[in-house]
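*Asks:* This is the content of target.txt (compact mmCIF, C-alpha atoms and all ligand atoms):
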# COMPACT_ATOMS: atom_id res chain seq x y z
CA MET A 1 111.04 74.32 111.17
CA ALA A 2 109.51 73.15 107.89
CA VAL A 3 112.02 72.38 105.13
CA LYS A 4 110.95 74.25 102.02
CA GLU A 5 111.26 72.48 98.70
CA ASP A 6 110.73 75.65 96.74
CA GLN A 7 113.91 77.66 97.30
CA ALA A 8 112.26 80.79 95.91
CA ALA A 9 109.49 80.64 98.52
CA PRO A 10 109.66 83.20 101.36
CA PRO A 11 111.84 82.12 104.31
CA VAL A 12 110.21 80.90 107.51
CA LEU A 13 111.60 82.74 110.55
CA ASP A 14 111.17 82.14 114.27
CA PHE A 15 110.24 85.50 115.76
CA SER A 16 110.63 84.35 119.38
CA SER A 17 114.37 85.05 118.93
CA PHE A 18 113.52 88.76 118.89
CA TRP A 19 112.31 88.59 122.49
CA SER A 20 114.81 86.00 123.73
CA GLY A 21 117.72 87.15 125.85
CA ASP A 22 120.09 85.29 123.50
CA SER A 23 121.94 87.98 121.57
CA GLU A 24 123.36 85.55 118.98
CA LYS A 25 119.93 84.19 118.11
CA ARG A 26 118.56 87.70 117.94
CA ALA A 27 121.35 88.86 115.64
CA ALA A 28 120.79 85.83 113.37
CA LEU A 29 117.07 86.64 113.13
CA ILE A 30 117.73 90.31 112.33
CA ASN A 31 120.19 89.28 109.64
CA ALA A 32 117.71 86.81 108.09
CA LEU A 33 114.98 89.47 108.17
CA ARG A 34 117.26 91.99 106.50
CA LYS A 35 118.07 89.57 103.70
CA ALA A 36 114.39 88.74 103.17
CA CYS A 37 113.52 92.46 103.08
CA GLU A 38 116.24 93.15 100.51
CA ASP A 39 115.29 90.15 98.39
CA LYS A 40 111.49 89.87 97.99
CA GLY A 41 110.25 91.67 101.09
CA PHE A 42 108.29 88.52 102.00
CA PHE A 43 108.76 86.12 104.91
CA GLN A 44 106.67 83.89 107.17
CA LEU A 45 106.84 84.21 110.95
CA VAL A 46 106.32 81.39 113.41
CA ASN A 47 106.31 81.74 117.22
CA HIS A 48 105.07 85.30 116.86
CA GLY A 49 103.01 85.28 120.05
CA ILE A 50 99.47 85.32 118.62
CA SER A 51 97.89 82.22 120.10
CA ASP A 52 96.45 79.39 118.01
CA SER A 53 93.12 79.90 119.70
CA LEU A 54 92.95 83.60 118.77
CA GLN A 55 93.92 82.69 115.20
CA ARG A 56 91.13 80.10 115.08
CA SER A 57 88.67 82.58 116.55
CA ILE A 58 89.38 85.35 114.04
CA ILE A 59 89.21 82.93 111.08
CA GLN A 60 85.90 81.62 112.44
CA ALA A 61 84.61 85.17 113.00
CA SER A 62 85.38 85.92 109.37
CA LYS A 63 83.66 82.76 108.13
CA ASP A 64 80.62 83.52 110.30
CA PHE A 65 80.29 86.98 108.82
CA PHE A 66 80.61 85.96 105.18
CA ALA A 67 78.16 83.06 105.69
CA LEU A 68 75.41 85.58 106.51
CA PRO A 69 72.76 86.28 103.87
CA LEU A 70 73.73 89.14 101.55
CA GLU A 71 70.98 91.41 102.92
CA GLU A 72 72.42 90.99 106.41
CA LYS A 73 75.98 91.73 105.20
CA LEU A 74 74.73 94.79 103.35
CA LYS A 75 73.52 96.24 106.66
CA CYS A 76 77.26 96.72 107.34
CA ASP A 77 77.92 98.28 103.93
CA GLY A 78 80.92 100.53 104.40
CA ALA A 79 80.65 102.37 101.08
CA LYS A 80 79.52 105.53 102.85
CA SER A 81 82.44 105.63 105.27
CA LYS A 82 85.14 106.45 102.67
CA PRO A 83 87.95 107.44 102.95
CA SER A 84 88.03 105.58 106.29
CA ARG A 85 87.05 102.23 104.92
CA ARG A 86 84.92 100.29 107.38
CA GLY A 87 82.53 97.37 107.27
CA TYR A 88 81.41 95.24 104.36
CA GLU A 89 82.58 95.50 100.78
CA VAL A 90 80.87 93.42 98.09
CA LEU A 91 82.44 91.05 95.54
CA GLY A 92 84.09 92.83 92.62
CA ALA A 93 84.60 96.21 94.33
CA GLN A 94 88.34 96.52 93.76
CA MET A 95 90.84 95.93 90.97
CA LEU A 96 94.52 95.92 91.78
CA GLU A 97 95.79 94.59 88.46
CA PRO A 98 95.12 96.83 85.47
CA GLY A 99 93.55 94.81 82.67
CA SER A 100 92.15 92.08 84.93
CA LYS A 101 88.48 91.71 85.97
CA PRO A 102 87.02 93.18 89.18
CA GLU A 103 88.28 90.90 91.91
CA HIS A 104 86.43 87.81 93.05
CA LYS A 105 86.61 88.54 96.77
CA GLU A 106 84.42 90.18 99.39
CA SER A 107 85.80 91.82 102.48
CA PHE A 108 85.17 93.49 105.81
CA TYR A 109 87.27 96.43 107.03
CA VAL A 110 87.97 97.02 110.73
CA GLY A 111 90.02 99.87 112.19
CA GLU A 112 91.06 100.83 115.68
CA ASP A 113 88.04 100.53 117.93
CA LEU A 114 87.37 104.20 118.81
CA PRO A 115 84.07 105.54 120.17
CA ALA A 116 82.17 108.01 117.94
CA ASP A 117 83.03 110.91 120.28
CA HIS A 118 86.77 110.20 120.37
CA PRO A 119 88.80 113.39 119.68
CA ARG A 120 90.58 111.77 116.73
CA ILE A 121 87.24 111.00 115.10
CA LEU A 122 85.81 114.43 115.90
CA ARG A 123 88.92 116.05 114.41
CA GLY A 124 88.44 113.98 111.23
CA ASP A 125 91.86 112.29 111.46
CA TYR A 126 92.82 110.09 108.54
CA ASN A 127 91.36 106.57 108.71
CA CYS A 128 89.51 107.32 111.96
CA SER A 129 85.84 106.35 111.93
CA PRO A 130 83.73 104.25 114.26
CA ASN A 131 83.81 100.60 113.27
CA ILE A 132 80.70 99.02 111.83
CA TYR A 133 79.75 95.68 113.41
CA PRO A 134 77.27 92.99 112.38
CA GLU A 135 74.77 93.25 115.23
CA VAL A 136 73.38 89.84 114.45
CA LEU A 137 76.72 88.25 115.46
CA GLY A 138 76.70 89.87 118.89
CA GLU A 139 79.34 91.20 121.27
CA GLN A 140 81.63 88.18 121.04
CA TRP A 141 82.33 88.86 117.34
CA LYS A 142 83.26 92.41 118.15
CA ALA A 143 85.50 91.30 121.04
CA VAL A 144 87.38 88.80 118.87
CA THR A 145 88.07 91.27 116.05
CA ALA A 146 89.13 93.98 118.52
CA GLN A 147 91.47 91.59 120.35
CA TYR A 148 93.03 90.28 117.14
CA TYR A 149 93.45 93.86 115.93
CA ARG A 150 95.24 94.88 119.14
CA GLU A 151 97.57 91.88 119.18
CA VAL A 152 98.52 91.99 115.52
CA VAL A 153 99.19 95.75 115.68
CA ALA A 154 101.46 95.19 118.71
CA LEU A 155 103.28 92.46 116.79
CA GLY A 156 103.58 94.79 113.79
CA MET A 157 105.36 97.29 116.04
CA ASP A 158 107.91 94.69 117.11
CA VAL A 159 108.42 93.63 113.50
CA MET A 160 109.11 97.31 112.69
CA ARG A 161 111.65 97.41 115.53
CA SER A 162 113.38 94.36 114.10
CA LEU A 163 113.41 95.98 110.64
CA ALA A 164 115.00 99.12 112.12
CA LEU A 165 117.81 96.98 113.53
CA GLY A 166 118.25 95.33 110.13
CA LEU A 167 118.77 98.78 108.61
CA GLY A 168 121.46 99.56 111.18
CA LEU A 169 119.14 101.96 113.04
CA PRO A 170 118.31 101.94 116.76
CA GLU A 171 115.49 99.60 117.72
CA SER A 172 113.31 102.56 118.70
CA TRP A 173 113.86 104.42 115.42
CA PHE A 174 110.29 103.94 114.13
CA ASP A 175 108.63 104.57 117.51
CA ASP A 176 107.62 108.16 116.68
CA PHE A 177 106.25 107.07 113.34
CA MET A 178 104.25 104.40 115.17
CA THR A 179 102.39 106.75 117.52
CA GLU A 180 98.68 106.53 116.69
CA PRO A 181 99.44 104.32 113.70
CA SER A 182 96.92 104.10 110.90
CA CYS A 183 96.20 100.41 110.58
CA THR A 184 93.43 98.54 108.83
CA LEU A 185 92.37 94.97 109.40
CA ARG A 186 90.68 93.35 106.45
CA LEU A 187 88.79 90.08 106.65
CA LEU A 188 88.79 88.53 103.20
CA HIS A 189 86.63 85.83 101.68
CA TYR A 190 87.55 84.28 98.34
CA PRO A 191 84.97 81.99 96.78
CA PRO A 192 86.64 79.73 94.21
CA THR A 193 88.01 81.95 91.42
CA PRO A 194 85.91 81.37 88.29
CA ARG A 195 87.73 79.46 85.54
CA GLY A 196 87.41 79.94 81.85
CA CYS A 197 88.71 83.48 81.60
CA ASP A 198 92.38 84.21 82.22
CA LYS A 199 91.56 87.70 83.57
CA GLU A 200 89.80 86.41 86.71
CA ARG A 201 91.60 87.08 90.00
CA GLY A 202 90.94 86.67 93.72
CA VAL A 203 93.33 89.57 94.09
CA GLY A 204 95.18 90.81 91.01
CA ALA A 205 98.95 91.22 90.83
CA HIS A 206 100.00 94.17 92.99
CA ARG A 207 102.51 95.40 95.53
CA ASP A 208 101.03 96.46 98.87
CA PHE A 209 100.67 100.18 99.43
CA GLY A 210 101.73 100.72 103.01
CA CYS A 211 104.47 99.90 105.44
CA ILE A 212 104.13 96.23 106.37
CA THR A 213 101.35 93.69 105.95
CA LEU A 214 100.75 90.80 108.37
CA LEU A 215 98.60 88.11 106.88
CA LEU A 216 96.96 85.07 108.43
CA GLN A 217 95.68 82.59 105.86
CA ASP A 218 93.66 79.42 106.29
CA SER A 219 94.88 76.13 104.83
CA VAL A 220 93.32 76.51 101.36
CA GLY A 221 96.26 78.27 99.65
CA GLY A 222 96.20 80.49 96.57
CA LEU A 223 98.55 83.33 97.56
CA GLN A 224 101.43 83.59 95.11
CA VAL A 225 104.50 85.80 95.06
CA GLN A 226 106.23 86.67 91.83
CA ASP A 227 109.90 86.29 91.08
CA GLU A 228 110.25 89.71 89.48
CA THR A 229 113.38 88.60 87.61
CA THR A 230 111.82 85.69 85.74
CA GLY A 231 108.14 86.51 86.04
CA ARG A 232 107.48 83.08 87.58
CA TRP A 233 104.89 82.73 90.36
CA HIS A 234 105.64 80.85 93.58
CA ASP A 235 103.04 79.61 96.05
CA VAL A 236 103.18 81.03 99.56
CA THR A 237 102.20 77.71 101.07
CA PRO A 238 100.08 77.99 104.22
CA ILE A 239 101.98 76.86 107.32
CA PRO A 240 99.68 76.21 110.28
CA GLY A 241 100.03 79.03 112.80
CA ALA A 242 102.40 81.13 110.66
CA LEU A 243 101.85 84.74 109.64
CA VAL A 244 103.01 85.91 106.23
CA VAL A 245 104.68 89.31 106.46
CA ASN A 246 105.45 91.46 103.46
CA LEU A 247 106.70 94.97 102.93
CA GLY A 248 104.68 97.56 101.06
CA ASN A 249 105.57 100.45 98.78
CA LEU A 250 105.79 102.89 101.67
CA MET A 251 108.71 100.97 103.14
CA MET A 252 110.31 100.56 99.73
CA ARG A 253 110.12 104.29 99.06
CA TRP A 254 111.25 105.31 102.55
CA SER A 255 114.28 103.00 102.38
CA ASN A 256 115.10 104.24 98.86
CA HIS A 257 114.60 100.66 97.59
CA HIS A 258 117.08 99.10 100.07
CA TYR A 259 114.07 97.15 101.33
CA THR A 260 111.61 96.06 98.69
CA SER A 261 107.93 95.42 98.21
CA ASN A 262 107.03 92.62 95.86
CA THR A 263 104.30 91.63 93.47
CA HIS A 264 101.79 89.04 94.67
CA ARG A 265 98.27 87.87 93.86
CA VAL A 266 95.61 85.39 94.93
CA LEU A 267 94.07 82.78 92.64
CA ASN A 268 91.77 80.48 94.55
CA PHE A 269 91.66 77.51 92.23
CA ALA A 270 90.71 75.18 95.07
CA GLU A 271 87.14 73.89 95.13
CA GLN A 272 86.57 75.50 98.51
CA ASP A 273 86.26 79.01 99.88
CA ARG A 274 89.40 80.70 101.20
CA THR A 275 89.69 83.02 104.21
CA SER A 276 92.52 85.38 105.04
CA ILE A 277 92.91 88.10 107.67
CA VAL A 278 95.16 90.93 106.61
CA LEU A 279 96.57 93.74 108.75
CA PHE A 280 97.90 96.73 106.86
CA PHE A 281 100.28 98.51 109.23
CA ASN A 282 100.95 102.05 108.11
CA GLY A 283 102.20 104.27 110.90
CA ASN A 284 101.09 107.80 111.68
CA PRO A 285 99.23 109.33 108.71
CA GLU A 286 100.73 112.80 109.26
CA HIS A 287 104.29 111.51 109.27
CA ILE A 288 106.41 112.88 106.46
CA LEU A 289 108.43 110.32 104.55
CA GLY A 290 111.87 111.38 103.43
CA VAL A 291 114.71 108.89 103.12
CA LEU A 292 115.81 106.69 106.01
CA PRO A 293 119.31 107.36 107.40
CA GLY A 294 121.83 105.12 105.69
CA CYS A 295 119.62 104.70 102.61
CA GLU A 296 120.59 107.97 100.87
CA GLN A 297 122.18 106.06 98.03
CA HIS A 298 119.37 104.66 95.87
CA ARG A 299 119.56 100.88 95.57
CA GLN A 300 119.10 99.77 92.00
CA ASN A 301 116.57 97.02 91.52
CA GLN A 302 117.44 96.44 87.91
CA HIS A 303 116.74 92.74 88.22
CA LYS A 304 113.05 93.54 88.71
CA LYS A 305 111.58 93.27 85.25
CA TYR A 306 108.06 92.17 86.14
CA GLY A 307 105.28 93.65 88.25
CA PRO A 308 103.88 97.22 88.25
CA PRO A 309 106.34 99.97 87.29
CA MET A 310 108.40 101.17 90.25
CA GLU A 311 108.67 104.90 90.56
CA VAL A 312 111.72 106.33 92.26
CA VAL A 313 110.41 109.45 94.00
CA VAL A 314 112.35 111.18 96.69
CA GLU A 315 110.36 114.34 97.44
CA PRO A 316 108.95 114.17 100.96
CA VAL A 317 105.35 113.01 101.09
CA LYS A 318 102.83 112.53 103.91
CA VAL A 319 101.91 108.94 104.71
CA ARG A 320 98.21 109.62 104.14
CA GLU A 321 98.76 111.15 100.71
CA PHE A 322 101.01 108.32 99.66
CA LEU A 323 98.41 105.74 100.71
CA ASN A 324 95.39 107.58 99.35
CA GLN A 325 96.69 107.83 95.80
CA GLN A 326 97.16 104.08 95.63
CA TYR A 327 93.82 103.18 97.23
CA LEU A 328 91.91 105.50 94.93
CA ALA A 329 93.54 104.05 91.82
CA SER A 330 92.55 100.51 92.84
CA TYR A 331 88.88 101.48 93.33
CA ASN A 332 88.66 103.82 90.34
CA ARG A 333 89.76 101.02 88.03
CA VAL A 334 86.47 99.22 88.77
CA GLN A 335 84.45 102.36 87.91
CA GLU A 336 86.28 102.57 84.58
CA TYR A 337 85.94 98.86 83.84
CA LYS A 338 84.01 97.99 80.70
CA VAL A 339 82.90 94.42 80.07
O1 LIG A 401 94.43 87.31 100.93
C1 LIG A 401 95.63 87.26 100.70
O2 LIG A 401 96.28 86.22 100.90
C2 LIG A 401 96.38 88.43 100.15
C3 LIG A 401 95.59 89.69 100.09
C4 LIG A 401 96.39 90.82 99.57
O3 LIG A 401 97.41 90.66 98.95
C5 LIG A 401 95.97 92.20 99.88
O4 LIG A 401 94.84 92.38 100.34
O5 LIG A 401 96.77 93.12 99.65
FE FE A 402 98.57 92.43 98.99
Please lay out the structure from this file as structure tokens.

*Replies:*
Amino acid sequence: MAVKEDQAAPPVLDFSSFWSGDSEKRAALINALRKACEDKGFFQLVNHGISDSLQRSIIQASKDFFALPLEEKLKCDGAKSKPSRRGYEVLGAQMLEPGSKPEHKESFYVGEDLPADHPRILRGDYNCSPNIYPEVLGEQWKAVTAQYYREVVALGMDVMRSLALGLGLPESWFDDFMTEPSCTLRLLHYPPTPRGCDKERGVGAHRDFGCITLLLQDSVGGLQVQDETTGRWHDVTPIPGALVVNLGNLMMRWSNHHYTSNTHRVLNFAEQDRTSIVLFFNGNPEHILGVLPGCEQHRQNQHKKYGPPMEVVVEPVKVREFLNQQYLASYNRVQEYKV
């Protein structure tokens, strides 16, 4: 395991202990996960079961797509498929940090691969639309994204089971919530972030909206997590083969701030392009969020002085409403942006 020089950087945890028959190792992992979730809600997982070759393939698939001419990418323009975001999204479409500039990233959204006549699509379920694929890249591209999607969603479910144990709940506690989960895979391309204006961002400072995020990054770097006590930014250094996992606001709210989401951003100040593959794991959109058992007492996060304001809301809310409000705000900011 890599020795980290930066003590504030997210811990690196070996997820194979979750599946091992060794109960001591498993308990030690659950304990380390719990601490990370209470502290910054950020950790890196190694030995998580997604093969190096699938990781290489999905990174390459992403690079192949973004290398296409703009007119080809625009054939996959997903702007019409809102609120189920699918397909290509141009540079500068989103703004997560109020007061920054529209973000210097382009992306491609992929959801569960359902046929157009699937009952969930016909019913108009939240985040259910047919995927849009770049025909020019053929069937193999589609197969790679679908396989990565399936494997990372399955891993997300096991991470949720480990988080349940960390909260003192049965391993299967989230299983109902995870039936027909609403998940979105986002391929992200960051050209070098322009210099010369301190408002430029690859992704502006934000906390994630949903339940958990599983992120595969290439070796370029640029992801930073904030110490919300001091305001200082710490690099989340790429570790070959590792997945960065972080908790979103949904998990923070549901756990009444026992588990926390944390502010992060991307500044690609390298001279090269950066690729990341992000899975937003959100659970069933119709699920109603109350407060998790054992978390009834609100946990004060008074040490958090930086980052977006943190509302403490306890009225039950549906997953899809909770997510939608946050997505809309991040896109509306670009509409309201004045140069
Ligand atoms: O690309 C990354 O490393 C992070 C992206 C991110 O934070 C997000 O999309 O929410
Ligand atoms: Fe994020």

*Asks:* Step by step, measure atom-to-atom distances between ligand LIG 401 (chain A) and each residue using all atoms listed in the file, keep those at most 8 Å, then write them as JSON, numbers by chain.

*Replies:* {"A": [186, 188, 189, 190, 203, 206, 207, 208, 213, 215, 216, 217, 222, 223, 264, 265, 266, 275, 276, 277, 278]}

*Asks:* Rank nothing, just name the residue among A:Pro293, A:Gly202, A:Pro240, A:Gly111 nearest to Ala93 (chain A), using only C-alpha atoms.

*Replies:*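 Going through A:Pro293, A:Gly202, A:Pro240, A:Gly111 one by one, the smallest distance to Ala93 (chain A) is for A:Gly202.
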
*Asks:* Could you work out an axis-aligned box for region 245-258 of chain A, taking every atom the file lists and adding 6 Å on each side, and report centre and edge lengths in Å to one decimal, as AutoDock Vina command-line options?

*Replies:*
--center_x 110.9 --center_y 97.3 --center_z 102.0 --size_x 24.4 --size_y 28.0 --size_z 20.9

*Asks:* Ranking A:Cys295, A:Leu96, A:Val153, A:Leu70 by minimum distance to ligand FE 402 (chain A) and counting all atoms listed in the file, which one comes first?

*Replies:*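 Under the stated criterion, the closest residue is A:Leu96.
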
*Asks:* For Thr179 (chain A), which residue among A:Gly41, A:Pro285, A:Gly49, A:Pro69 is the nearest when counting only C-alpha atoms?

*Replies:*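 Of A:Gly41, A:Pro285, A:Gly49, A:Pro69, the one nearest Thr179 (chain A) is A:Pro285, counting only C-alpha atoms.
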
*Asks:* Counting only C-alpha atoms, write as a PDB file with C-alpha atoms, in the coordinates of the input all protein and nucleic acid residues lying at most 7 Å from (104.5, 85.6, 115.3) in the file's frame.

*Replies:*
ATOM      1  CA  PHE A  15     110.240  85.500 115.760  1.00  0.00           C
ATOM      2  CA  LEU A  45     106.840  84.210 110.950  1.00  0.00           C
ATOM      3  CA  VAL A  46     106.320  81.390 113.410  1.00  0.00           C
ATOM      4  CA  ASN A  47     106.310  81.740 117.220  1.00  0.00           C
ATOM      5  CA  HIS A  48     105.070  85.300 116.860  1.00  0.00           C
ATOM      6  CA  GLY A  49     103.010  85.280 120.050  1.00  0.00           C
ATOM      7  CA  ILE A  50      99.470  85.320 118.620  1.00  0.00           C
ATOM      8  CA  ALA A 242     102.400  81.130 110.660  1.00  0.00           C
ATOM      9  CA  LEU A 243     101.850  84.740 109.640  1.00  0.00           C
TER      10      LEU A 243
END

*Asks:* Using only C-alpha atoms, what residues lie at most 8 Å away from (98.3, 75.5, 100.5) (file coordinates), given as a PyMOL selection string?

*Replies:* chain A and resi 219-222+235-239

*Asks:* Taking all atoms listed in the file into account, name the residue in A:Ile59, A:Ile288, A:Ala28, A:Leu247 that is nearest to ligand FE 402 (chain A).

*Replies:* A:Leu247

*Asks:* Expressed in Å to a single decimal, how great is the separation between CA of Ser16 (chain A) and CA of Ser172 (chain A)?

*Replies:* 18.4 Å

*Asks:* What is the distance, in Å and to one decimal place, between CA of Asp77 (chain A) and CA of Glu89 (chain A)?

*Replies:*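 CA of Glu89 (chain A) lies 6.3 Å from CA of Asp77 (chain A).
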
*Asks:* Quick one, how far is CA of Val245 (chain A) from CA of Leu279 (chain A)?

*Replies:*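 These two atoms are separated by 9.5 Å.
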
*Asks:* Applying 6 Å and all atoms listed in the file, which residues near Tyr88 (chain A) remain after dropping the ones on its own chain fewer than 6 positions away? List them as number ranges by chain.

*Replies:* A: 76-78, 107-108

*Asks:* So, counting all atoms listed in the file, which residue among A:Lys80, A:His287, A:Lys199, A:Lys105 is closest to Leu187 (chain A)?

*Replies:*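 Using all atoms listed in the file, the shortest distance to Leu187 (chain A) belongs to A:Lys105.
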
*Asks:* Which is closer to ligand FE 402 (chain A) than all the others in A:Ser162, A:Ser129, A:Thr184, A:Asn262, using all atoms listed in the file?

*Replies:*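 Among the listed residues, the smallest separation from ligand FE 402 (chain A) belongs to A:Asn262.
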
*Asks:* Near Val319 (chain A), within 10 Å and counting all atoms listed in the file, which residues show up once chain neighbours fewer than 6 positions away are dropped, as an NGL selection string?

*Replies:* :A and (126 or 177 or 182 or 210-211 or 250 or 282-289)

*Asks:* Excluding Arg299 (chain A) and any residue of its chain fewer than 6 positions from it, enumerate the residues within 8 Å of it, using all atoms listed in the file, and give them as number ranges by chain.

*Replies:* A: 256-258

*Asks:* What's around Leu169 (chain A) at 12 Å? Count only C-alpha atoms, leave out sequence neighbours fewer than 3 positions away in its own chain, and write the answer as a list in words.

*Replies:*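 Surrounding residues, per the criterion: Ile30, Met160, Arg161, Ser162, Leu163, Ala164, Leu165, Gly166, Ser172, Trp173, Phe174, Asp175, Ser255, Leu292, Pro293, Gly294 and Cys295 of chain A.
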
*Asks:* Convert the current residue selection to file output with C-alpha atoms, as a CSV table (one decimal), keeping the file's coordinate frame.

*Replies:*
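again_33.csv, written as the output of this step:
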chain,number,residue,atom,x,y,z
A,30,ILE,CA,117.7,90.3,112.3
A,160,MET,CA,109.1,97.3,112.7
A,161,ARG,CA,111.6,97.4,115.5
A,162,SER,CA,113.4,94.4,114.1
A,163,LEU,CA,113.4,96.0,110.6
A,164,ALA,CA,115.0,99.1,112.1
A,165,LEU,CA,117.8,97.0,113.5
A,166,GLY,CA,118.2,95.3,110.1
A,172,SER,CA,113.3,102.6,118.7
A,173,TRP,CA,113.9,104.4,115.4
A,174,PHE,CA,110.3,103.9,114.1
A,175,ASP,CA,108.6,104.6,117.5
A,255,SER,CA,114.3,103.0,102.4
A,292,LEU,CA,115.8,106.7,106.0
A,293,PRO,CA,119.3,107.4,107.4
A,294,GLY,CA,121.8,105.1,105.7
A,295,CYS,CA,119.6,104.7,102.6
